[in-house]
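First the structure, in the form of structure tokens, and then the observations on it.
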Amino acid sequence: MNPSSARHAEAPASQPDAGYLLAVSDLRVQFETSRGTVHAVDGVTYGVRRGETVALVGESGSGKSVSALAIMRLLPRTTARVSGEVLFDGRDLLALPAAHMRALRGREIAMIFQEPMTSLNPVLSIGLQLSEPLRAHLGLSEARARQRAIELLSQVGITDPEHRLRQYPHQLSGGMRQRVMIAMALSCGPKLIIADEPTTALDVTIQAQILDLLRDLSRRLGIALVLITHNLGIVARYADRVNVMYAAQLAEQAAAGPLFATPRHFYTLALLRSIPRLDRRRTARLATIEGLPPDLRDPAPGCRFAPRCAARIAACENVPRLAEIGPGHRSACVRAHEVAAAPEPAADSGARRRPAALPPLLEIEDLKKHFGVAAGPRAAMIRTPLVRAVDGVSLVIGRGETLGLVGESGCGKTTVGRLVVGLETPTSGRIRIDGRDIAGDAVRDFRGFRRKVQMVFQDPYSALNPRMTVGAFIAEPLLVHRLVPSRAAARARVTDLLRQVGLYPYMAERYPHELSGGQRQRVGIARALALEPSLIVCDEPVSALDVSIQGQVINLLESLRDRHALSLLFISHDLAVVRHICDRVAVMYLGKLMEFADRDTIYDAPRHPYTQALLDAVPVPDPAIEAARRPSRLKGEIPSPLDPPAGCVFHTRCPIATERCRREVPELRELSPGHHAACHNIGGAAA
Amino acid sequence: MTRYLTHRLLLALPTLLGVAVLIFIMLRVVPGDIVELKLRGEGGNVTQDVVERERARLGLDKPLAAQFGDWMVGLVTLDFGKSMWTERPVVDEIGLRFKLSFELAILSMLIAVAVALPLGTVSALLRDTWIDYVVRFVSVAGLAMPAFWLGMLMILALLHFFNWLPPITFTPLWQDPVANLSQLIWPALAVGYRYSAVVTRMLRSSIIEVMNEDYVRTARAKGMRERIVIGRHALRNALLPTTTVVGLEFAFLIGGLVVTEQVFNLNGLGKLFVQAVTRNDFTLVQGLVMLVATVSVLVNLAVDLLYAVLDPRIRYR
């Protein structure tokens, strides 16, 4: 505790030492909005040395992206006020004339953005977009620029670069586009690249490819990298040093090793504890960070994390100061030295007791869903290609069981969920609930069936009707199914449901835009619960939420499941979350099941090469473990489901594929009791 | 591409057929009779016998089905018949005025685009500055002011300040461009102003939208000059919705400028349309409607093709 810390608050938290390529000190960004001034970045100081990778990690709204855009001077001049000092190679970027700054952008500092889908201009060819900076900054001739563009594309691992130059962004996959973005960033030989969530929109195998590429290239070419991310696993795998941001300020600054091993800020600690771990058996419920980040229009003067911090004391109301507490390790926590002594969260019944043989609730048998692709007036005239979104999937979910369905985008996991709920009609196959086949008569017996199976959707921002109050939204199914005698009874039930999902009854009067993302997802869960279903299909229920909110929602789902003896079909691309919440896990690839087993079996001893590669691709939030891992990365892209490979659909990317895999579709075999996999090349009944 | 074009043109046939059927029925349902009007309209006293003979001569005594059959056969053979009033072929009546109306529409469009492109762009880029306010005022005024009223003001001004009036007779452009333009530039300005107001507003809002796109940020992050960011990266994307508006408005101008033609005393399609309708000149109205429908279909096709040029995501096969 430092009672005089308030006095020091005005001084820059730390003087950047010499040798920094980029030295940001006391960076502040204010946005003038109609509802007041938002302090989006509030005194941020950090440095980046030549050739090193520095991560900026934090939740949405913490100011990490805004601070990067401020460095690049890409914020709109009319609404954003930037102050502080940004020294880059000896020049103060914030004081440079606009023309000098422009000449620097793309030449010495390049940036890679989050959304490869929208960050490239859809109407300009790849070649033009790639050669633009070469011609503008290096003055290359058109022919030379083209030559260099081809070199760059091969450097980032794009095959057939001459052909790609003539293509347009929509003809490339997300991973390819991000490679093009990287090529663009590299084009003029920059000293620094700022990558803003470069892989958030990508699948995990592609994420690993892209980040490996970025790391290898920046190391080889000696480029410093600022990596902005919310994913602590990525930080652990790729960063040398880490800056943790919370509510527009730095909470902690350290080399990656010490940060993960001995965090010195309670926010960092809470963050690390609130994420489920891919590499560990579940021992306890997730530690959550209750509440929401502060309003950045008028934050309280003290520690911004204090209102959500379990370890807050009176001194937390003083203005915090980023203080050196070890070599290169700074923390803004007044109890920095006590963080290490924080008690571990108590273990709960980690291994949830699951009866050996659960009576089946949902049985899916050889389920298929094929979509025709052509649309419009010609669709009927020509033979339409088929997308085999789901191609022969069989699964069973027991009563009270949680089954995780994982896979990358386009694998058909969401379609399985929609089929089970009855939002799609299967092309063939059976779906039985409580022994009754509902695939055929889902429409006829709409109401009776819909009551039993409910769904929680991915994006809480678009899943709620913006013109309906929360109460009306939750009450609607009750009224439709005539489950309540009167509107008053419906209101009482809504109050009860809101309480169950951890919201206040008065929120029934609110509209969705008045709620945070986590609260909206709770509303979605309350709506699903209203009909007292026996199965809830959760389609990526937490992937749109911040880490600290994600933990809250996962814990809520778990406790509701246990209280109401619900079965869950948990669809997710986040393998760590699935390990935490699910009893059994099924892995899908291109419409087919690759492997399914008990959760710990599949995570500790995966047999299918796809499952192994998938698990390898996910970074674990522990630099020590990451350093020791020698992961094999999947090469190439996920093939188009329009034209899936013959034989085993995975053979094009499989490290152990043989001639047989190219011809013969592998059957799902039981390797050991309860452990099934579809692969020709793995042993029989080995443990 | 050729396949796509053929396909689109084939699809236009049922559309045009529908229009043909509709206009045929509508004309027969609406009360009024051309023969009555022709022979008795101005107080002429003719016997019922004469009226019947005239009806028979025009084919109006045939059953509706037969009349419809004639109309369809005529359409297929591109024979639109003669005007029931003037007895001249419909094609000639329309052809005489089409040149003027078409040129007027083209001129208006050129003026509109020439005005809207810079104004819309400037107003979007200098959003919420006084320049933007002036442009917005000017374009709202253009939407609010009827073109014919503006035309009247122009004529009065020409008369007052120059003691001159635009010529009344149409001279084809390639015969005497000066005479042609001195007649048509005024209505084109009056109509083009309103037209440009619509396009300016559309362009302004799409540029504002496009400037917030991620790829514009990417272009800036690459260190591109603002001129290139706007001209190459933003404008081409913003032109897409604007093209649609330009096309829709253009189709309207063929045959839609009734009052403006009146004000400038132009012998155009709008005037012909009104005459034909008030005279119950079935054949002429039918011919005009088919013309307008065909132009609309072709303009829409042209817009779609332009889309494909501007946006590589759209490729027709």
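In the structure tokens, chains take the letters A, B, ... in the order shown, each chain's residues start at 1, and ligands count up from 1 in the order shown.
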
Excluding Met588 in chain A and its own-chain neighbours fewer than 6 positions away, which residues fall within 8 Å of it when counting only C-alpha atoms? Please give them as a list in words. Leu405, Val406, Gly407, Glu408, Cys411, Gly412, Lys413, Met594 and Glu595 of chain A

Could you save the residues just selected, with all heavy atoms, as a compact mmCIF listing (two decimals), in the first residue's frame?
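The resulting file, again-v9.txt, is shown below:
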```
# COMPACT_ATOMS: atom_id res chain seq x y z
N LEU A 405 -20.49 -30.38 -29.43
CA LEU A 405 -20.32 -30.62 -30.84
C LEU A 405 -19.33 -29.58 -31.33
O LEU A 405 -19.62 -28.39 -31.31
CB LEU A 405 -21.67 -30.48 -31.55
CG LEU A 405 -21.81 -31.04 -32.96
CD1 LEU A 405 -21.41 -32.49 -33.00
CD2 LEU A 405 -23.25 -30.89 -33.43
N VAL A 406 -18.14 -30.01 -31.72
CA VAL A 406 -17.12 -29.05 -32.08
C VAL A 406 -16.66 -29.26 -33.52
O VAL A 406 -16.83 -30.32 -34.10
CB VAL A 406 -15.89 -29.13 -31.14
CG1 VAL A 406 -16.29 -28.90 -29.71
CG2 VAL A 406 -15.17 -30.45 -31.30
N GLY A 407 -16.05 -28.24 -34.05
CA GLY A 407 -15.53 -28.28 -35.41
C GLY A 407 -15.37 -26.88 -35.92
O GLY A 407 -15.81 -25.92 -35.29
N GLU A 408 -14.71 -26.77 -37.09
CA GLU A 408 -14.46 -25.45 -37.63
C GLU A 408 -15.64 -25.00 -38.48
O GLU A 408 -16.57 -25.77 -38.73
CB GLU A 408 -13.17 -25.48 -38.43
CG GLU A 408 -11.98 -25.84 -37.56
CD GLU A 408 -10.71 -25.95 -38.35
OE1 GLU A 408 -10.44 -27.01 -38.93
OE2 GLU A 408 -9.99 -24.96 -38.41
N CYS A 411 -18.41 -27.02 -40.87
CA CYS A 411 -18.37 -28.45 -40.62
C CYS A 411 -19.78 -29.01 -40.44
O CYS A 411 -19.96 -30.22 -40.41
CB CYS A 411 -17.51 -28.77 -39.40
SG CYS A 411 -18.28 -28.34 -37.85
N GLY A 412 -20.77 -28.15 -40.31
CA GLY A 412 -22.15 -28.62 -40.21
C GLY A 412 -22.68 -28.69 -38.79
O GLY A 412 -23.79 -29.15 -38.57
N LYS A 413 -21.91 -28.22 -37.81
CA LYS A 413 -22.37 -28.36 -36.43
C LYS A 413 -23.62 -27.52 -36.16
O LYS A 413 -24.55 -27.98 -35.50
CB LYS A 413 -21.24 -28.01 -35.44
CG LYS A 413 -20.62 -26.63 -35.60
CD LYS A 413 -19.36 -26.52 -34.73
CE LYS A 413 -18.86 -25.09 -34.60
NZ LYS A 413 -18.51 -24.42 -35.87
N MET A 594 -15.97 -37.17 -36.93
CA MET A 594 -14.63 -37.72 -37.00
C MET A 594 -14.35 -38.59 -35.78
O MET A 594 -13.74 -39.63 -35.87
CB MET A 594 -13.59 -36.59 -37.05
CG MET A 594 -13.66 -35.74 -38.29
SD MET A 594 -13.04 -36.58 -39.75
CE MET A 594 -14.53 -36.78 -40.69
N GLU A 595 -14.81 -38.09 -34.63
CA GLU A 595 -14.48 -38.81 -33.39
C GLU A 595 -15.46 -38.37 -32.31
O GLU A 595 -15.89 -37.23 -32.29
CB GLU A 595 -13.05 -38.44 -32.96
CG GLU A 595 -12.56 -39.18 -31.71
CD GLU A 595 -11.06 -39.01 -31.48
OE1 GLU A 595 -10.46 -38.16 -32.16
OE2 GLU A 595 -10.52 -39.71 -30.62
```

Can you check which residues of chain B have any atom within 6 Å of chain A? Use only C-alpha atoms and format it as JSON, numbers by chain. {"B": [214, 215, 221, 222, 223, 311, 312]}

Would you export the selected residues with N, CA and C atoms as a PDB file, in the first residue's frame, please?
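Dumped to again.pdb:
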```pdb
ATOM      1  N   ASP B 214     -14.126  -0.741 -43.524  1.00  0.00           N
ATOM      2  CA  ASP B 214     -12.797  -1.169 -43.104  1.00  0.00           C
ATOM      3  C   ASP B 214     -11.755  -0.987 -44.205  1.00  0.00           C
ATOM      4  N   TYR B 215     -12.174  -1.215 -45.473  1.00  0.00           N
ATOM      5  CA  TYR B 215     -11.162  -1.150 -46.526  1.00  0.00           C
ATOM      6  C   TYR B 215     -10.673   0.262 -46.779  1.00  0.00           C
ATOM      7  N   ALA B 221      -4.226   3.134 -43.896  1.00  0.00           N
ATOM      8  CA  ALA B 221      -3.139   2.515 -43.137  1.00  0.00           C
ATOM      9  C   ALA B 221      -1.973   2.165 -44.048  1.00  0.00           C
ATOM     10  N   LYS B 222      -2.263   1.987 -45.353  1.00  0.00           N
ATOM     11  CA  LYS B 222      -1.187   1.722 -46.306  1.00  0.00           C
ATOM     12  C   LYS B 222      -0.451   3.000 -46.673  1.00  0.00           C
ATOM     13  N   GLY B 223      -0.970   4.137 -46.212  1.00  0.00           N
ATOM     14  CA  GLY B 223      -0.328   5.400 -46.506  1.00  0.00           C
ATOM     15  C   GLY B 223      -0.712   5.974 -47.851  1.00  0.00           C
ATOM     16  N   ASP B 311     -18.571  -3.811 -60.055  1.00  0.00           N
ATOM     17  CA  ASP B 311     -18.383  -4.708 -58.914  1.00  0.00           C
ATOM     18  C   ASP B 311     -18.007  -6.110 -59.381  1.00  0.00           C
ATOM     19  N   PRO B 312     -16.774  -6.511 -59.142  1.00  0.00           N
ATOM     20  CA  PRO B 312     -16.334  -7.825 -59.629  1.00  0.00           C
ATOM     21  C   PRO B 312     -17.047  -8.987 -58.956  1.00  0.00           C
TER      22      PRO B 312
END
```

Skip range 114-127 of chain B itself and residues of its chain fewer than 4 positions away, then list as a PDB file with N, CA and C atoms, in the first residue's frame all residues within 8 Å of it, counting only C-alpha atoms.
```
ATOM      1  N   LEU B 110     -27.179  13.615 -68.151  1.00  0.00           N
ATOM      2  CA  LEU B 110     -25.787  14.072 -68.167  1.00  0.00           C
ATOM      3  C   LEU B 110     -25.602  15.249 -67.216  1.00  0.00           C
ATOM      4  N   ILE B 131     -20.189  24.052 -46.301  1.00  0.00           N
ATOM      5  CA  ILE B 131     -20.327  23.624 -47.698  1.00  0.00           C
ATOM      6  C   ILE B 131     -21.389  22.526 -47.811  1.00  0.00           C
ATOM      7  N   ASP B 132     -21.305  21.573 -46.859  1.00  0.00           N
ATOM      8  CA  ASP B 132     -22.294  20.503 -46.831  1.00  0.00           C
ATOM      9  C   ASP B 132     -23.701  21.067 -46.658  1.00  0.00           C
ATOM     10  N   TYR B 133     -23.823  22.049 -45.769  1.00  0.00           N
ATOM     11  CA  TYR B 133     -25.155  22.619 -45.546  1.00  0.00           C
ATOM     12  C   TYR B 133     -25.688  23.266 -46.809  1.00  0.00           C
ATOM     13  N   VAL B 135     -24.885  22.548 -49.950  1.00  0.00           N
ATOM     14  CA  VAL B 135     -25.240  21.502 -50.911  1.00  0.00           C
ATOM     15  C   VAL B 135     -26.553  20.849 -50.513  1.00  0.00           C
ATOM     16  N   ARG B 136     -26.704  20.591 -49.210  1.00  0.00           N
ATOM     17  CA  ARG B 136     -27.934  19.944 -48.783  1.00  0.00           C
ATOM     18  C   ARG B 136     -29.141  20.843 -49.029  1.00  0.00           C
ATOM     19  N   SER B 196     -30.607  15.776 -60.439  1.00  0.00           N
ATOM     20  CA  SER B 196     -29.314  15.832 -59.752  1.00  0.00           C
ATOM     21  C   SER B 196     -29.512  15.841 -58.247  1.00  0.00           C
ATOM     22  N   ALA B 197     -30.609  16.447 -57.780  1.00  0.00           N
ATOM     23  CA  ALA B 197     -30.844  16.503 -56.341  1.00  0.00           C
ATOM     24  C   ALA B 197     -31.013  15.097 -55.773  1.00  0.00           C
ATOM     25  N   VAL B 199     -29.864  12.318 -57.102  1.00  0.00           N
ATOM     26  CA  VAL B 199     -28.598  11.584 -57.191  1.00  0.00           C
ATOM     27  C   VAL B 199     -27.591  12.095 -56.167  1.00  0.00           C
ATOM     28  N   THR B 200     -27.551  13.422 -55.966  1.00  0.00           N
ATOM     29  CA  THR B 200     -26.618  13.984 -54.988  1.00  0.00           C
ATOM     30  C   THR B 200     -26.848  13.388 -53.604  1.00  0.00           C
ATOM     31  N   ARG B 201     -28.101  13.342 -53.217  1.00  0.00           N
ATOM     32  CA  ARG B 201     -28.400  12.841 -51.874  1.00  0.00           C
ATOM     33  C   ARG B 201     -28.031  11.375 -51.733  1.00  0.00           C
ATOM     34  N   MET B 202     -28.320  10.621 -52.775  1.00  0.00           N
ATOM     35  CA  MET B 202     -27.966   9.199 -52.739  1.00  0.00           C
ATOM     36  C   MET B 202     -26.451   9.029 -52.638  1.00  0.00           C
ATOM     37  N   LEU B 203     -25.746   9.776 -53.490  1.00  0.00           N
ATOM     38  CA  LEU B 203     -24.291   9.643 -53.525  1.00  0.00           C
ATOM     39  C   LEU B 203     -23.683  10.084 -52.195  1.00  0.00           C
ATOM     40  N   ARG B 204     -24.209  11.177 -51.658  1.00  0.00           N
ATOM     41  CA  ARG B 204     -23.683  11.681 -50.389  1.00  0.00           C
ATOM     42  C   ARG B 204     -23.802  10.608 -49.312  1.00  0.00           C
ATOM     43  N   SER B 205     -24.998  10.018 -49.202  1.00  0.00           N
ATOM     44  CA  SER B 205     -25.143   9.056 -48.106  1.00  0.00           C
ATOM     45  C   SER B 205     -24.334   7.790 -48.379  1.00  0.00           C
ATOM     46  N   ILE B 207     -21.440   7.637 -49.956  1.00  0.00           N
ATOM     47  CA  ILE B 207     -20.026   7.917 -49.681  1.00  0.00           C
ATOM     48  C   ILE B 207     -19.775   7.953 -48.175  1.00  0.00           C
ATOM     49  N   ILE B 208     -20.694   8.578 -47.448  1.00  0.00           N
ATOM     50  CA  ILE B 208     -20.512   8.628 -45.987  1.00  0.00           C
ATOM     51  C   ILE B 208     -20.427   7.211 -45.425  1.00  0.00           C
TER      52      ILE B 208
END
```

Show me, as an mmCIF file with all heavy atoms, in the first residue's frame, the residues that have an atom within 10 Å of Gly127 in chain A when counting only C-alpha atoms, minus same-chain residues fewer than 3 positions from it.
```cif
data_model
loop_
_atom_site.group_PDB
_atom_site.id
_atom_site.type_symbol
_atom_site.label_atom_id
_atom_site.label_comp_id
_atom_site.auth_asym_id
_atom_site.auth_seq_id
_atom_site.Cartn_x
_atom_site.Cartn_y
_atom_site.Cartn_z
ATOM 1 N N LEU A 124 -11.593 -3.936 -56.008
ATOM 2 C CA LEU A 124 -10.265 -3.805 -56.601
ATOM 3 C C LEU A 124 -9.544 -5.151 -56.532
ATOM 4 O O LEU A 124 -9.688 -5.895 -55.572
ATOM 5 C CB LEU A 124 -9.450 -2.746 -55.850
ATOM 6 C CG LEU A 124 -10.066 -1.337 -55.801
ATOM 7 C CD1 LEU A 124 -9.183 -0.398 -55.012
ATOM 8 C CD2 LEU A 124 -10.285 -0.791 -57.204
ATOM 9 N N LEU A 130 -2.254 -4.772 -53.638
ATOM 10 C CA LEU A 130 -0.946 -5.153 -53.123
ATOM 11 C C LEU A 130 0.146 -4.252 -53.684
ATOM 12 O O LEU A 130 1.125 -3.935 -52.999
ATOM 13 C CB LEU A 130 -0.694 -6.619 -53.505
ATOM 14 C CG LEU A 130 0.336 -7.398 -52.738
ATOM 15 C CD1 LEU A 130 0.100 -7.239 -51.252
ATOM 16 C CD2 LEU A 130 0.220 -8.869 -53.103
ATOM 17 N N SER A 131 -0.008 -3.821 -54.930
ATOM 18 C CA SER A 131 1.064 -3.019 -55.526
ATOM 19 C C SER A 131 0.925 -1.533 -55.185
ATOM 20 O O SER A 131 1.884 -0.786 -55.339
ATOM 21 C CB SER A 131 1.107 -3.226 -57.037
ATOM 22 O OG SER A 131 -0.147 -2.969 -57.588
ATOM 23 N N GLU A 132 -0.253 -1.133 -54.701
ATOM 24 C CA GLU A 132 -0.465 0.274 -54.350
ATOM 25 C C GLU A 132 0.626 0.857 -53.444
ATOM 26 O O GLU A 132 1.257 1.843 -53.815
ATOM 27 C CB GLU A 132 -1.812 0.423 -53.649
ATOM 28 C CG GLU A 132 -2.875 1.039 -54.509
ATOM 29 C CD GLU A 132 -4.154 1.281 -53.730
ATOM 30 O OE1 GLU A 132 -4.375 0.600 -52.720
ATOM 31 O OE2 GLU A 132 -4.912 2.152 -54.147
ATOM 32 N N ALA A 145 6.486 -3.528 -59.471
ATOM 33 C CA ALA A 145 5.549 -3.706 -58.355
ATOM 34 C C ALA A 145 4.849 -5.053 -58.482
ATOM 35 O O ALA A 145 4.650 -5.768 -57.489
ATOM 36 C CB ALA A 145 4.525 -2.573 -58.338
ATOM 37 N N ARG A 146 4.489 -5.414 -59.692
ATOM 38 C CA ARG A 146 3.830 -6.694 -59.925
ATOM 39 C C ARG A 146 4.757 -7.844 -59.549
ATOM 40 O O ARG A 146 4.369 -8.789 -58.872
ATOM 41 C CB ARG A 146 3.452 -6.789 -61.400
ATOM 42 C CG ARG A 146 2.306 -7.713 -61.681
ATOM 43 C CD ARG A 146 2.103 -7.829 -63.181
ATOM 44 N NE ARG A 146 2.499 -9.160 -63.639
ATOM 45 C CZ ARG A 146 1.710 -10.220 -63.528
ATOM 46 N NH1 ARG A 146 0.519 -10.107 -63.010
ATOM 47 N NH2 ARG A 146 2.124 -11.406 -63.926
ATOM 48 N N ALA A 149 4.970 -8.017 -55.895
ATOM 49 C CA ALA A 149 3.716 -8.527 -55.343
ATOM 50 C C ALA A 149 3.683 -10.053 -55.428
ATOM 51 O O ALA A 149 3.246 -10.730 -54.489
ATOM 52 C CB ALA A 149 2.529 -7.920 -56.085
ATOM 53 N N ILE A 150 4.171 -10.579 -56.535
ATOM 54 C CA ILE A 150 4.212 -12.041 -56.682
ATOM 55 C C ILE A 150 5.142 -12.645 -55.631
ATOM 56 O O ILE A 150 4.805 -13.627 -54.965
ATOM 57 C CB ILE A 150 4.671 -12.408 -58.112
ATOM 58 C CG1 ILE A 150 3.593 -12.001 -59.116
ATOM 59 C CG2 ILE A 150 4.986 -13.888 -58.217
ATOM 60 C CD1 ILE A 150 3.985 -12.166 -60.556
ATOM 61 N N LEU A 153 3.407 -12.585 -52.228
ATOM 62 C CA LEU A 153 2.369 -13.592 -52.077
ATOM 63 C C LEU A 153 2.976 -14.969 -51.839
ATOM 64 O O LEU A 153 2.476 -15.742 -51.022
ATOM 65 C CB LEU A 153 1.454 -13.619 -53.307
ATOM 66 C CG LEU A 153 0.441 -12.474 -53.408
ATOM 67 C CD1 LEU A 153 -0.467 -12.666 -54.602
ATOM 68 C CD2 LEU A 153 -0.407 -12.365 -52.142
ATOM 69 N N PRO A 161 0.664 -17.436 -57.252
ATOM 70 C CA PRO A 161 0.493 -15.996 -57.006
ATOM 71 C C PRO A 161 0.110 -15.192 -58.249
ATOM 72 O O PRO A 161 -0.668 -14.243 -58.125
ATOM 73 C CB PRO A 161 1.850 -15.553 -56.466
ATOM 74 C CG PRO A 161 2.791 -16.649 -56.756
ATOM 75 C CD PRO A 161 2.004 -17.898 -56.879
ATOM 76 N N GLU A 162 0.640 -15.580 -59.432
ATOM 77 C CA GLU A 162 0.299 -14.797 -60.635
ATOM 78 C C GLU A 162 -1.212 -14.762 -60.832
ATOM 79 O O GLU A 162 -1.797 -13.744 -61.163
ATOM 80 C CB GLU A 162 0.944 -15.389 -61.899
ATOM 81 C CG GLU A 162 2.435 -15.156 -62.014
ATOM 82 C CD GLU A 162 3.222 -16.303 -61.417
ATOM 83 O OE1 GLU A 162 2.611 -17.144 -60.713
ATOM 84 O OE2 GLU A 162 4.445 -16.374 -61.635
ATOM 85 N N HIS A 163 -1.810 -15.924 -60.608
ATOM 86 C CA HIS A 163 -3.249 -16.026 -60.792
ATOM 87 C C HIS A 163 -3.993 -15.222 -59.729
ATOM 88 O O HIS A 163 -4.971 -14.547 -60.002
ATOM 89 C CB HIS A 163 -3.632 -17.505 -60.739
ATOM 90 C CG HIS A 163 -5.095 -17.742 -60.813
ATOM 91 N ND1 HIS A 163 -5.851 -17.371 -61.885
ATOM 92 C CD2 HIS A 163 -5.955 -18.290 -59.913
ATOM 93 C CE1 HIS A 163 -7.116 -17.702 -61.668
ATOM 94 N NE2 HIS A 163 -7.205 -18.249 -60.484
ATOM 95 N N ARG A 164 -3.493 -15.297 -58.491
ATOM 96 C CA ARG A 164 -4.153 -14.600 -57.382
ATOM 97 C C ARG A 164 -4.178 -13.094 -57.596
ATOM 98 O O ARG A 164 -5.094 -12.413 -57.155
ATOM 99 C CB ARG A 164 -3.430 -14.889 -56.058
ATOM 100 C CG ARG A 164 -3.452 -16.324 -55.641
ATOM 101 C CD ARG A 164 -4.825 -16.748 -55.198
ATOM 102 N NE ARG A 164 -4.834 -18.164 -54.856
ATOM 103 C CZ ARG A 164 -5.939 -18.866 -54.709
ATOM 104 N NH1 ARG A 164 -7.110 -18.292 -54.868
ATOM 105 N NH2 ARG A 164 -5.887 -20.140 -54.412
ATOM 106 N N LEU A 165 -3.155 -12.573 -58.249
ATOM 107 C CA LEU A 165 -3.096 -11.120 -58.442
ATOM 108 C C LEU A 165 -4.304 -10.622 -59.216
ATOM 109 O O LEU A 165 -4.765 -9.511 -59.030
ATOM 110 C CB LEU A 165 -1.827 -10.742 -59.224
ATOM 111 C CG LEU A 165 -0.512 -10.810 -58.480
ATOM 112 C CD1 LEU A 165 0.593 -10.283 -59.353
ATOM 113 C CD2 LEU A 165 -0.584 -10.018 -57.189
ATOM 114 N N ARG A 166 -4.791 -11.460 -60.118
ATOM 115 C CA ARG A 166 -5.927 -11.030 -60.944
ATOM 116 C C ARG A 166 -7.245 -11.244 -60.223
ATOM 117 O O ARG A 166 -8.283 -10.802 -60.687
ATOM 118 C CB ARG A 166 -5.933 -11.816 -62.257
ATOM 119 C CG ARG A 166 -4.896 -11.331 -63.248
ATOM 120 C CD ARG A 166 -5.142 -11.948 -64.607
ATOM 121 N NE ARG A 166 -5.102 -13.401 -64.569
ATOM 122 C CZ ARG A 166 -3.985 -14.116 -64.651
ATOM 123 N NH1 ARG A 166 -2.828 -13.501 -64.773
ATOM 124 N NH2 ARG A 166 -4.015 -15.426 -64.624
ATOM 125 N N GLN A 167 -7.214 -11.943 -59.099
ATOM 126 C CA GLN A 167 -8.471 -12.241 -58.418
ATOM 127 C C GLN A 167 -8.910 -11.093 -57.513
ATOM 128 O O GLN A 167 -8.152 -10.172 -57.238
ATOM 129 C CB GLN A 167 -8.312 -13.518 -57.598
ATOM 130 C CG GLN A 167 -8.226 -14.746 -58.483
ATOM 131 C CD GLN A 167 -8.407 -16.014 -57.677
ATOM 132 O OE1 GLN A 167 -7.751 -16.204 -56.666
ATOM 133 N NE2 GLN A 167 -9.294 -16.865 -58.122
ATOM 134 N N TYR A 168 -10.165 -11.198 -57.087
ATOM 135 C CA TYR A 168 -10.736 -10.192 -56.191
ATOM 136 C C TYR A 168 -10.952 -10.820 -54.826
ATOM 137 O O TYR A 168 -11.048 -12.045 -54.715
ATOM 138 C CB TYR A 168 -12.050 -9.689 -56.777
ATOM 139 C CG TYR A 168 -11.834 -8.841 -58.004
ATOM 140 C CD1 TYR A 168 -11.757 -9.420 -59.265
ATOM 141 C CD2 TYR A 168 -11.659 -7.470 -57.892
ATOM 142 C CE1 TYR A 168 -11.525 -8.643 -60.389
ATOM 143 C CE2 TYR A 168 -11.430 -6.687 -58.996
ATOM 144 C CZ TYR A 168 -11.361 -7.275 -60.258
ATOM 145 O OH TYR A 168 -11.129 -6.507 -61.349
ATOM 146 N N VAL A 180 -3.043 -12.142 -47.546
ATOM 147 C CA VAL A 180 -2.849 -10.991 -48.428
ATOM 148 C C VAL A 180 -2.610 -9.730 -47.598
ATOM 149 O O VAL A 180 -1.722 -8.922 -47.907
ATOM 150 C CB VAL A 180 -4.072 -10.803 -49.358
ATOM 151 C CG1 VAL A 180 -3.979 -9.484 -50.113
ATOM 152 C CG2 VAL A 180 -4.192 -11.961 -50.328
#
```

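For the pair CA of Pro299 in chain A and CA of Val226 in chain A, the separation is 27.3 Å.
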
Give the alpha helix (DSSP H) residues of range 424-604 of chain A, as DSSP finds them on the backbone, and put them as an MDAnalysis selection string. chainID A and resid 446:452 470:480 487:500 517:530 547:564 575:581 599:604

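The two atoms in question, CA of Phe170 in chain B and CA of Leu184 in chain B, are spaced 8.6 Å apart.
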
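With CA of Glu664 in chain A on one side and CA of Val393 in chain A on the other, the separation reads 17.4 Å.
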